[in-house]
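Chemist: Here you go, my_file-v2.csv (CSV, C-alpha atoms and all ligand atoms):
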chain,number,residue,atom,x,y,z
N,1,MET,CA,97.5,199.2,-10.8
N,2,THR,CA,101.0,198.0,-11.7
N,3,ARG,CA,101.5,195.7,-14.6
N,4,LEU,CA,105.1,194.7,-15.2
N,5,LEU,CA,107.2,192.3,-17.2
N,6,LEU,CA,110.6,191.0,-16.2
N,7,ILE,CA,112.7,189.9,-19.1
N,8,GLY,CA,116.3,188.7,-19.0
N,9,PRO,CA,118.5,185.7,-19.8
N,10,PRO,CA,118.4,182.5,-17.6
N,11,GLY,CA,120.4,183.2,-14.5
N,12,SER,CA,120.0,187.0,-14.6
N,13,GLY,CA,118.1,186.8,-11.3
N,14,LYS,CA,114.5,187.2,-12.6
N,15,GLY,CA,112.9,184.9,-10.0
N,16,THR,CA,114.7,186.5,-7.0
N,17,GLN,CA,113.9,190.1,-8.2
N,18,ALA,CA,110.3,189.1,-9.1
N,19,ALA,CA,109.6,187.9,-5.6
N,20,ARG,CA,110.9,191.2,-4.1
N,21,LEU,CA,109.2,193.5,-6.5
N,22,ALA,CA,105.9,191.6,-6.1
N,23,GLU,CA,106.2,192.1,-2.3
N,24,SER,CA,107.0,195.8,-2.6
N,25,TYR,CA,104.3,196.6,-5.1
N,26,GLY,CA,101.6,194.3,-3.6
N,27,ILE,CA,101.1,192.3,-6.8
N,28,PRO,CA,101.4,188.6,-7.6
N,29,ALA,CA,104.7,187.5,-9.3
N,30,ILE,CA,103.6,185.1,-12.0
N,31,SER,CA,106.4,182.8,-13.3
N,32,THR,CA,105.6,180.5,-16.1
N,33,GLY,CA,108.7,178.4,-15.2
N,34,ASP,CA,107.4,178.0,-11.6
N,35,ILE,CA,103.9,177.0,-12.9
N,36,PHE,CA,105.5,174.4,-15.2
N,37,ARG,CA,107.7,173.1,-12.4
N,38,ALA,CA,104.8,172.8,-10.0
N,39,ASN,CA,102.9,170.8,-12.6
N,40,VAL,CA,105.9,168.5,-13.1
N,41,ARG,CA,106.1,168.0,-9.3
N,42,ASN,CA,102.4,167.2,-9.1
N,43,GLY,CA,102.5,164.9,-12.1
N,44,THR,CA,99.8,166.6,-14.0
N,45,GLU,CA,99.1,166.1,-17.7
N,46,LEU,CA,100.5,169.6,-18.3
N,47,GLY,CA,103.6,168.8,-16.3
N,48,LEU,CA,104.2,165.6,-18.3
N,49,LEU,CA,104.0,167.5,-21.5
N,50,ALA,CA,106.1,170.4,-20.3
N,51,LYS,CA,108.9,168.3,-18.7
N,52,ALA,CA,110.4,167.0,-21.9
N,53,TYR,CA,110.8,170.5,-23.3
N,54,MET,CA,112.1,171.9,-20.1
N,55,ASP,CA,114.7,169.1,-19.6
N,56,ALA,CA,115.9,169.7,-23.1
N,57,GLY,CA,116.1,173.5,-22.5
N,58,GLU,CA,113.5,174.1,-25.2
N,59,TYR,CA,110.5,176.4,-24.9
N,60,VAL,CA,107.2,174.8,-24.1
N,61,PRO,CA,104.9,175.3,-27.1
N,62,ASP,CA,103.1,178.7,-27.2
N,63,SER,CA,99.6,177.2,-27.1
N,64,LEU,CA,100.2,175.5,-23.8
N,65,THR,CA,102.1,178.4,-22.3
N,66,ASN,CA,99.5,180.9,-23.5
N,67,ASP,CA,96.7,178.8,-22.0
N,68,ILE,CA,98.3,178.8,-18.5
N,69,VAL,CA,99.0,182.5,-18.6
N,70,ARG,CA,95.4,183.3,-19.7
N,71,ALA,CA,94.1,181.1,-16.9
N,72,ARG,CA,96.4,182.7,-14.3
N,73,LEU,CA,95.7,186.3,-15.3
N,74,SER,CA,92.0,185.7,-15.0
N,75,LYS,CA,92.4,184.9,-11.2
N,76,PRO,CA,91.1,187.6,-8.9
N,77,ASP,CA,94.6,188.4,-7.4
N,78,ALA,CA,95.8,189.5,-10.9
N,79,ALA,CA,92.9,191.9,-11.4
N,80,HIS,CA,94.8,194.7,-9.7
N,81,GLY,CA,98.2,194.2,-11.3
N,82,PHE,CA,100.9,191.6,-11.8
N,83,LEU,CA,104.5,191.0,-12.5
N,84,LEU,CA,105.1,188.4,-15.2
N,85,ASP,CA,108.5,186.7,-14.9
N,86,GLY,CA,109.6,184.7,-17.9
N,87,TYR,CA,106.6,185.5,-20.1
N,88,PRO,CA,106.4,186.4,-23.0
N,89,ARG,CA,109.3,184.7,-24.5
N,90,THR,CA,108.2,184.5,-28.2
N,91,THR,CA,106.5,186.7,-30.7
N,92,ASP,CA,103.3,184.6,-30.4
N,93,GLN,CA,103.3,185.1,-26.7
N,94,VAL,CA,103.7,188.9,-27.1
N,95,LEU,CA,100.6,188.9,-29.4
N,96,GLU,CA,98.7,186.8,-26.9
N,97,LEU,CA,99.5,189.1,-24.0
N,98,ASP,CA,98.6,192.2,-26.1
N,99,ASN,CA,95.2,190.6,-26.9
N,100,LEU,CA,94.6,189.6,-23.3
N,101,LEU,CA,95.3,193.1,-22.0
N,102,ALA,CA,93.4,194.8,-24.8
N,103,ALA,CA,90.4,192.7,-23.9
N,104,LYS,CA,90.6,194.0,-20.4
N,105,HIS,CA,91.2,197.6,-21.7
N,106,THR,CA,94.5,197.7,-19.9
N,107,GLY,CA,98.2,197.8,-20.8
N,108,LEU,CA,101.6,197.4,-19.3
N,109,ASN,CA,103.4,200.0,-17.2
N,110,ALA,CA,106.9,198.9,-17.9
N,111,VAL,CA,109.1,196.1,-19.1
N,112,ILE,CA,112.1,195.5,-16.9
N,113,GLN,CA,115.1,194.2,-18.8
N,114,LEU,CA,117.7,192.5,-16.6
N,115,VAL,CA,121.1,192.8,-18.4
N,116,ALA,CA,123.9,190.4,-17.5
N,117,ALA,CA,126.9,189.0,-19.5
N,118,THR,CA,126.7,185.4,-20.7
N,119,GLU,CA,129.7,184.1,-18.8
N,120,ILE,CA,128.4,185.6,-15.6
N,121,VAL,CA,124.9,184.0,-16.0
N,122,VAL,CA,126.4,180.6,-16.9
N,123,ALA,CA,128.5,180.6,-13.7
N,124,ARG,CA,125.4,181.7,-11.6
N,125,ILE,CA,123.2,178.9,-13.1
N,126,LEU,CA,125.8,176.2,-12.5
N,127,LYS,CA,125.9,177.3,-8.9
N,128,ARG,CA,122.1,177.2,-8.7
N,129,ALA,CA,122.1,173.8,-10.3
N,130,ALA,CA,124.3,172.4,-7.5
N,131,ALA,CA,122.1,174.0,-4.9
N,132,GLN,CA,118.7,173.2,-6.3
N,133,GLY,CA,119.2,170.1,-8.4
N,134,ARG,CA,117.3,171.5,-11.4
N,135,THR,CA,117.2,169.0,-14.2
N,136,ASP,CA,117.5,171.8,-16.9
N,137,ASP,CA,120.7,173.2,-15.4
N,138,SER,CA,123.5,171.1,-17.0
N,139,GLU,CA,126.1,173.3,-18.9
N,140,GLU,CA,125.0,172.0,-22.3
N,141,VAL,CA,121.3,172.7,-21.6
N,142,ILE,CA,122.2,176.1,-20.1
N,143,ARG,CA,124.1,177.1,-23.3
N,144,HIS,CA,121.1,176.0,-25.4
N,145,ARG,CA,118.7,178.1,-23.2
N,146,LEU,CA,120.9,181.1,-23.6
N,147,ASP,CA,121.0,180.7,-27.4
N,148,LEU,CA,117.2,180.4,-27.4
N,149,TYR,CA,116.9,183.5,-25.3
N,150,ALA,CA,119.2,185.4,-27.7
N,151,SER,CA,117.4,184.2,-30.8
N,152,GLN,CA,113.7,184.2,-29.7
N,153,THR,CA,113.3,186.4,-26.6
N,154,ALA,CA,115.9,189.2,-26.7
N,155,PRO,CA,114.4,190.5,-30.0
N,156,LEU,CA,111.0,191.0,-28.2
N,157,LEU,CA,112.7,193.8,-26.2
N,158,GLU,CA,112.8,195.9,-29.4
N,159,VAL,CA,109.0,195.6,-29.7
N,160,TYR,CA,108.6,196.9,-26.2
N,161,ARG,CA,111.3,199.5,-26.6
N,162,SER,CA,109.5,200.9,-29.6
N,163,ARG,CA,106.5,201.3,-27.3
N,164,GLY,CA,108.7,203.2,-24.8
N,165,LEU,CA,108.2,200.6,-22.1
N,166,VAL,CA,111.7,199.2,-21.5
N,167,VAL,CA,113.7,200.0,-18.4
N,168,GLU,CA,117.2,198.6,-18.7
N,169,ILE,CA,118.7,197.4,-15.4
N,170,ASP,CA,122.3,196.2,-14.8
N,171,ALA,CA,121.6,192.8,-13.1
N,172,ILE,CA,125.2,192.4,-11.8
N,173,GLY,CA,125.7,193.1,-8.1
N,174,GLU,CA,124.2,192.3,-4.8
N,175,VAL,CA,120.5,191.3,-4.8
N,176,ASP,CA,119.5,194.3,-2.7
N,177,GLU,CA,121.4,196.7,-5.1
N,178,VAL,CA,119.7,195.3,-8.1
N,179,THR,CA,116.2,195.6,-6.5
N,180,GLU,CA,117.1,199.2,-5.5
N,181,ARG,CA,118.1,200.0,-9.1
N,182,ILE,CA,114.8,198.6,-10.4
N,183,THR,CA,112.5,200.4,-7.9
N,184,THR,CA,114.4,203.7,-8.3
N,185,SER,CA,114.2,203.5,-12.1
N,186,LEU,CA,110.5,202.7,-12.0
N,187,ALA,CA,109.9,205.5,-9.5
N,188,GLU,CA,111.9,208.0,-11.6
N,189,GLY,CA,109.9,207.1,-14.7
N,190,ASP,CA,106.7,207.2,-12.7
N,191,LEU,CA,106.1,203.8,-14.1
N,192,THR,CA,104.1,202.2,-11.3
N,193,CYS,CA,100.8,203.3,-10.0
N,194,THR,CA,98.9,202.3,-6.9
N,195,GLY,CA,95.3,202.7,-6.0
N,196,ASP,CA,92.1,201.7,-7.7
N,197,ASP,CA,92.6,202.9,-11.3
N,198,ASP,CA,91.2,200.0,-13.2
N,199,ASP,CA,90.3,202.1,-16.2
N,200,GLU,CA,93.8,203.3,-16.9
N,201,SER,CA,95.4,202.2,-20.1
N,202,VAL,CA,99.1,203.0,-20.5
N,203,ALA,CA,100.5,200.9,-23.3
P,301,LIG,P1,112.4,179.7,-16.2
P,301,LIG,O1,112.3,179.2,-14.8
P,301,LIG,O2,111.6,180.9,-16.4
P,301,LIG,O3,113.8,179.8,-16.6
P,301,LIG,O4,111.7,178.6,-17.1
P,301,LIG,C1,112.2,177.2,-17.1
P,301,LIG,C2,111.7,176.5,-18.3
P,301,LIG,O5,110.3,176.5,-18.4
P,301,LIG,C3,112.2,177.2,-19.7
P,301,LIG,O6,113.5,176.8,-20.0
P,301,LIG,C4,111.1,176.6,-20.6
P,301,LIG,O7,111.3,175.2,-20.9
P,301,LIG,C5,109.9,176.7,-19.8
P,301,LIG,N1,109.2,178.0,-19.9
P,301,LIG,C6,109.1,179.0,-18.9
P,301,LIG,N2,108.4,180.0,-19.4
P,301,LIG,C7,108.2,179.8,-20.7
P,301,LIG,C8,107.6,180.6,-21.7
P,301,LIG,N3,107.1,181.8,-21.5
P,301,LIG,N4,107.5,180.0,-23.0
P,301,LIG,C9,108.0,178.7,-23.2
P,301,LIG,N5,108.6,178.0,-22.3
P,301,LIG,C10,108.7,178.5,-21.0
Mind turning the file's structure into structure tokens?

Modeler:
Amino acid sequence: MTRLLLIGPPGSGKGTQAARLAESYGIPAISTGDIFRANVRNGTELGLLAKAYMDAGEYVPDSLTNDIVRARLSKPDAAHGFLLDGYPRTTDQVLELDNLLAAKHTGLNAVIQLVAATEIVVARILKRAAAQGRTDDSEEVIRHRLDLYASQTAPLLEVYRSRGLVVEIDAIGEVDEVTERITTSLAEGDLTCTGDDDDESVA
């Protein structure tokens, strides 16, 4: 049973690392950003609501975001662990996740913090924007997303740090190197578990 969070500024490589970690731990990577983007693509009501916030680089309101995470975590594949990428991003979302996990008598194994300097992540995102054509990747919107991360999301790390859950990872380097740093740090801290240990509560 491995329950992980991945927290880091936009452009720190969360999505890339999430996919690799999910594969190696055999758990689903759940990205709220990906869920919103899929809804935008499919023209759902949720997508229409979320798009305006996303295009402006704002956070989608907590009520909507919490609803999709609650629904996603109740699917069978998340019953045996998960990696949340890009959630929680606000204090309200931390509370929601705490309540969700408490209701299941479970907790988190670790919170992976990807650390990367602002100028490096801005350069990375601009490169990604050119490659993927994301509508929330103009320089102005990127700067706003980074400001929001600093004011709303980075402080959440202190909450998790006080619970002894945060593993800080230098996110600069080759993709493989960063993955290796994460898996090594988690293994050293004995922070992932495998097997059918549903009753375990660690946070
Ligand atoms: P991401 O792909 O994680 O960078 O997310 C892209 C965009 O989706 C963000 O800039 C927000 O507009 C929205 N979003 C993703 N996750 C959240 C969240 N946990 N809370 C609020 N908005 C979110």

Chemist: If we count only C-alpha atoms and set the cut-off at 10 Å, which residues sit around range 156-163 of chain N, ignoring sequence neighbours fewer than 2 positions away in its own chain? Please answer as a ChimeraX atom specification.

Modeler: /N:7-8,88-91,93-94,108,110-113,149-154,165-168,203

Chemist: Would you name the residues within 6 Å of ligand LIG 301 (chain P), counting all atoms listed in the file, and put them as a count of residues only?

Modeler: 15

Chemist: Restricting the calculation to all atoms listed in the file, which member of N:Leu114, N:Leu191, N:Ile35, N:Ile120 is positioned closest to Thr16 in chain N?

Modeler: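 Using all atoms listed in the file, Thr16 in chain N sits closest to N:Leu114.
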
Chemist: Give me, please, the distance in Å between CA of Ala129 in chain N and CA of Arg20 in chain N, quoted to one decimal.

Modeler: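 A separation of 21.6 Å between them.
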
Chemist: Using all atoms listed in the file, can you list as a PyMOL selection string the residues within 12 Å of (106.0, 174.1, -12.6)?

Modeler: chain N and resi 30-51+54+60+65+68+134

Chemist: One decimal, Å: what's the distance from CA of Pro28 in chain N over to CA of Leu84 in chain N, could you say?

Modeler: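 One can read the CA of Pro28 in chain N to CA of Leu84 in chain N distance as 8.5 Å.
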
Chemist: Calculate how many Å separate CA of Gly13 in chain N from CA of Ala171 in chain N, rounding to one decimal.

Modeler: 7.2 Å

Chemist: So which one's closest to Asp176 in chain N, N:Gln17, N:Gly189, N:Arg143, N:Pro61? Using only C-alpha atoms, please.

Modeler: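 The answer is N:Gln17, which sits nearest to Asp176 in chain N.
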
Chemist: Can you take range 1-28 of chain N from the block and write N, CA and C atoms as a PDB file, in the first residue's frame?

Modeler:
ATOM      1  N   MET N   1       0.851  -1.191   0.000  1.00  0.00           N
ATOM      2  CA  MET N   1       0.000   0.000   0.000  1.00  0.00           C
ATOM      3  C   MET N   1       0.882   1.235   0.000  1.00  0.00           C
ATOM      4  N   THR N   2       0.853   1.963  -1.083  1.00  0.00           N
ATOM      5  CA  THR N   2       1.702   3.150  -1.180  1.00  0.00           C
ATOM      6  C   THR N   2       0.840   4.350  -1.534  1.00  0.00           C
ATOM      7  N   ARG N   3       0.826   5.308  -0.628  1.00  0.00           N
ATOM      8  CA  ARG N   3       0.042   6.525  -0.901  1.00  0.00           C
ATOM      9  C   ARG N   3       0.983   7.715  -0.842  1.00  0.00           C
ATOM     10  N   LEU N   4       1.122   8.351  -2.001  1.00  0.00           N
ATOM     11  CA  LEU N   4       2.114   9.413  -2.134  1.00  0.00           C
ATOM     12  C   LEU N   4       1.494  10.687  -2.701  1.00  0.00           C
ATOM     13  N   LEU N   5       2.070  11.817  -2.309  1.00  0.00           N
ATOM     14  CA  LEU N   5       1.745  13.087  -2.953  1.00  0.00           C
ATOM     15  C   LEU N   5       3.001  13.591  -3.642  1.00  0.00           C
ATOM     16  N   LEU N   6       2.798  14.279  -4.753  1.00  0.00           N
ATOM     17  CA  LEU N   6       3.910  14.905  -5.459  1.00  0.00           C
ATOM     18  C   LEU N   6       3.598  16.395  -5.526  1.00  0.00           C
ATOM     19  N   ILE N   7       4.429  17.193  -4.869  1.00  0.00           N
ATOM     20  CA  ILE N   7       4.192  18.642  -4.821  1.00  0.00           C
ATOM     21  C   ILE N   7       5.424  19.366  -5.362  1.00  0.00           C
ATOM     22  N   GLY N   8       5.190  20.337  -6.227  1.00  0.00           N
ATOM     23  CA  GLY N   8       6.294  21.126  -6.765  1.00  0.00           C
ATOM     24  C   GLY N   8       5.724  22.190  -7.667  1.00  0.00           C
ATOM     25  N   PRO N   9       6.512  23.214  -7.985  1.00  0.00           N
ATOM     26  CA  PRO N   9       5.994  24.293  -8.838  1.00  0.00           C
ATOM     27  C   PRO N   9       5.692  23.796 -10.235  1.00  0.00           C
ATOM     28  N   PRO N  10       4.846  24.547 -10.971  1.00  0.00           N
ATOM     29  CA  PRO N  10       4.627  24.202 -12.374  1.00  0.00           C
ATOM     30  C   PRO N  10       5.979  24.106 -13.065  1.00  0.00           C
ATOM     31  N   GLY N  11       6.146  23.099 -13.901  1.00  0.00           N
ATOM     32  CA  GLY N  11       7.401  22.964 -14.645  1.00  0.00           C
ATOM     33  C   GLY N  11       8.489  22.211 -13.903  1.00  0.00           C
ATOM     34  N   SER N  12       8.181  21.690 -12.713  1.00  0.00           N
ATOM     35  CA  SER N  12       9.227  20.973 -11.969  1.00  0.00           C
ATOM     36  C   SER N  12       9.299  19.495 -12.369  1.00  0.00           C
ATOM     37  N   GLY N  13       8.428  19.092 -13.295  1.00  0.00           N
ATOM     38  CA  GLY N  13       8.508  17.713 -13.800  1.00  0.00           C
ATOM     39  C   GLY N  13       7.572  16.751 -13.083  1.00  0.00           C
ATOM     40  N   LYS N  14       6.530  17.275 -12.433  1.00  0.00           N
ATOM     41  CA  LYS N  14       5.618  16.413 -11.671  1.00  0.00           C
ATOM     42  C   LYS N  14       4.989  15.324 -12.533  1.00  0.00           C
ATOM     43  N   GLY N  15       4.445  15.746 -13.684  1.00  0.00           N
ATOM     44  CA  GLY N  15       3.732  14.775 -14.526  1.00  0.00           C
ATOM     45  C   GLY N  15       4.646  13.645 -14.995  1.00  0.00           C
ATOM     46  N   THR N  16       5.827  14.026 -15.431  1.00  0.00           N
ATOM     47  CA  THR N  16       6.787  13.039 -15.921  1.00  0.00           C
ATOM     48  C   THR N  16       7.178  12.068 -14.818  1.00  0.00           C
ATOM     49  N   GLN N  17       7.513  12.608 -13.656  1.00  0.00           N
ATOM     50  CA  GLN N  17       7.929  11.746 -12.545  1.00  0.00           C
ATOM     51  C   GLN N  17       6.758  10.910 -12.038  1.00  0.00           C
ATOM     52  N   ALA N  18       5.557  11.500 -12.025  1.00  0.00           N
ATOM     53  CA  ALA N  18       4.387  10.773 -11.522  1.00  0.00           C
ATOM     54  C   ALA N  18       4.165   9.501 -12.340  1.00  0.00           C
ATOM     55  N   ALA N  19       4.264   9.625 -13.665  1.00  0.00           N
ATOM     56  CA  ALA N  19       4.024   8.462 -14.527  1.00  0.00           C
ATOM     57  C   ALA N  19       5.034   7.356 -14.223  1.00  0.00           C
ATOM     58  N   ARG N  20       6.288   7.748 -14.037  1.00  0.00           N
ATOM     59  CA  ARG N  20       7.327   6.747 -13.781  1.00  0.00           C
ATOM     60  C   ARG N  20       7.174   6.094 -12.405  1.00  0.00           C
ATOM     61  N   LEU N  21       6.842   6.915 -11.413  1.00  0.00           N
ATOM     62  CA  LEU N  21       6.707   6.367 -10.056  1.00  0.00           C
ATOM     63  C   LEU N  21       5.502   5.435  -9.983  1.00  0.00           C
ATOM     64  N   ALA N  22       4.417   5.857 -10.657  1.00  0.00           N
ATOM     65  CA  ALA N  22       3.206   5.035 -10.649  1.00  0.00           C
ATOM     66  C   ALA N  22       3.518   3.666 -11.233  1.00  0.00           C
ATOM     67  N   GLU N  23       4.256   3.686 -12.330  1.00  0.00           N
ATOM     68  CA  GLU N  23       4.646   2.432 -12.989  1.00  0.00           C
ATOM     69  C   GLU N  23       5.485   1.580 -12.033  1.00  0.00           C
ATOM     70  N   SER N  24       6.464   2.204 -11.392  1.00  0.00           N
ATOM     71  CA  SER N  24       7.365   1.361 -10.599  1.00  0.00           C
ATOM     72  C   SER N  24       6.719   0.889  -9.291  1.00  0.00           C
ATOM     73  N   TYR N  25       5.759   1.626  -8.753  1.00  0.00           N
ATOM     74  CA  TYR N  25       5.112   1.169  -7.515  1.00  0.00           C
ATOM     75  C   TYR N  25       3.786   0.439  -7.782  1.00  0.00           C
ATOM     76  N   GLY N  26       3.360   0.402  -9.063  1.00  0.00           N
ATOM     77  CA  GLY N  26       2.119  -0.303  -9.393  1.00  0.00           C
ATOM     78  C   GLY N  26       0.885   0.370  -8.812  1.00  0.00           C
ATOM     79  N   ILE N  27       0.885   1.698  -8.860  1.00  0.00           N
ATOM     80  CA  ILE N  27      -0.267   2.461  -8.341  1.00  0.00           C
ATOM     81  C   ILE N  27      -0.696   3.469  -9.412  1.00  0.00           C
ATOM     82  N   PRO N  28      -1.958   3.928  -9.372  1.00  0.00           N
ATOM     83  CA  PRO N  28      -2.360   4.926 -10.368  1.00  0.00           C
ATOM     84  C   PRO N  28      -1.782   6.311 -10.046  1.00  0.00           C
TER      85      PRO N  28
END
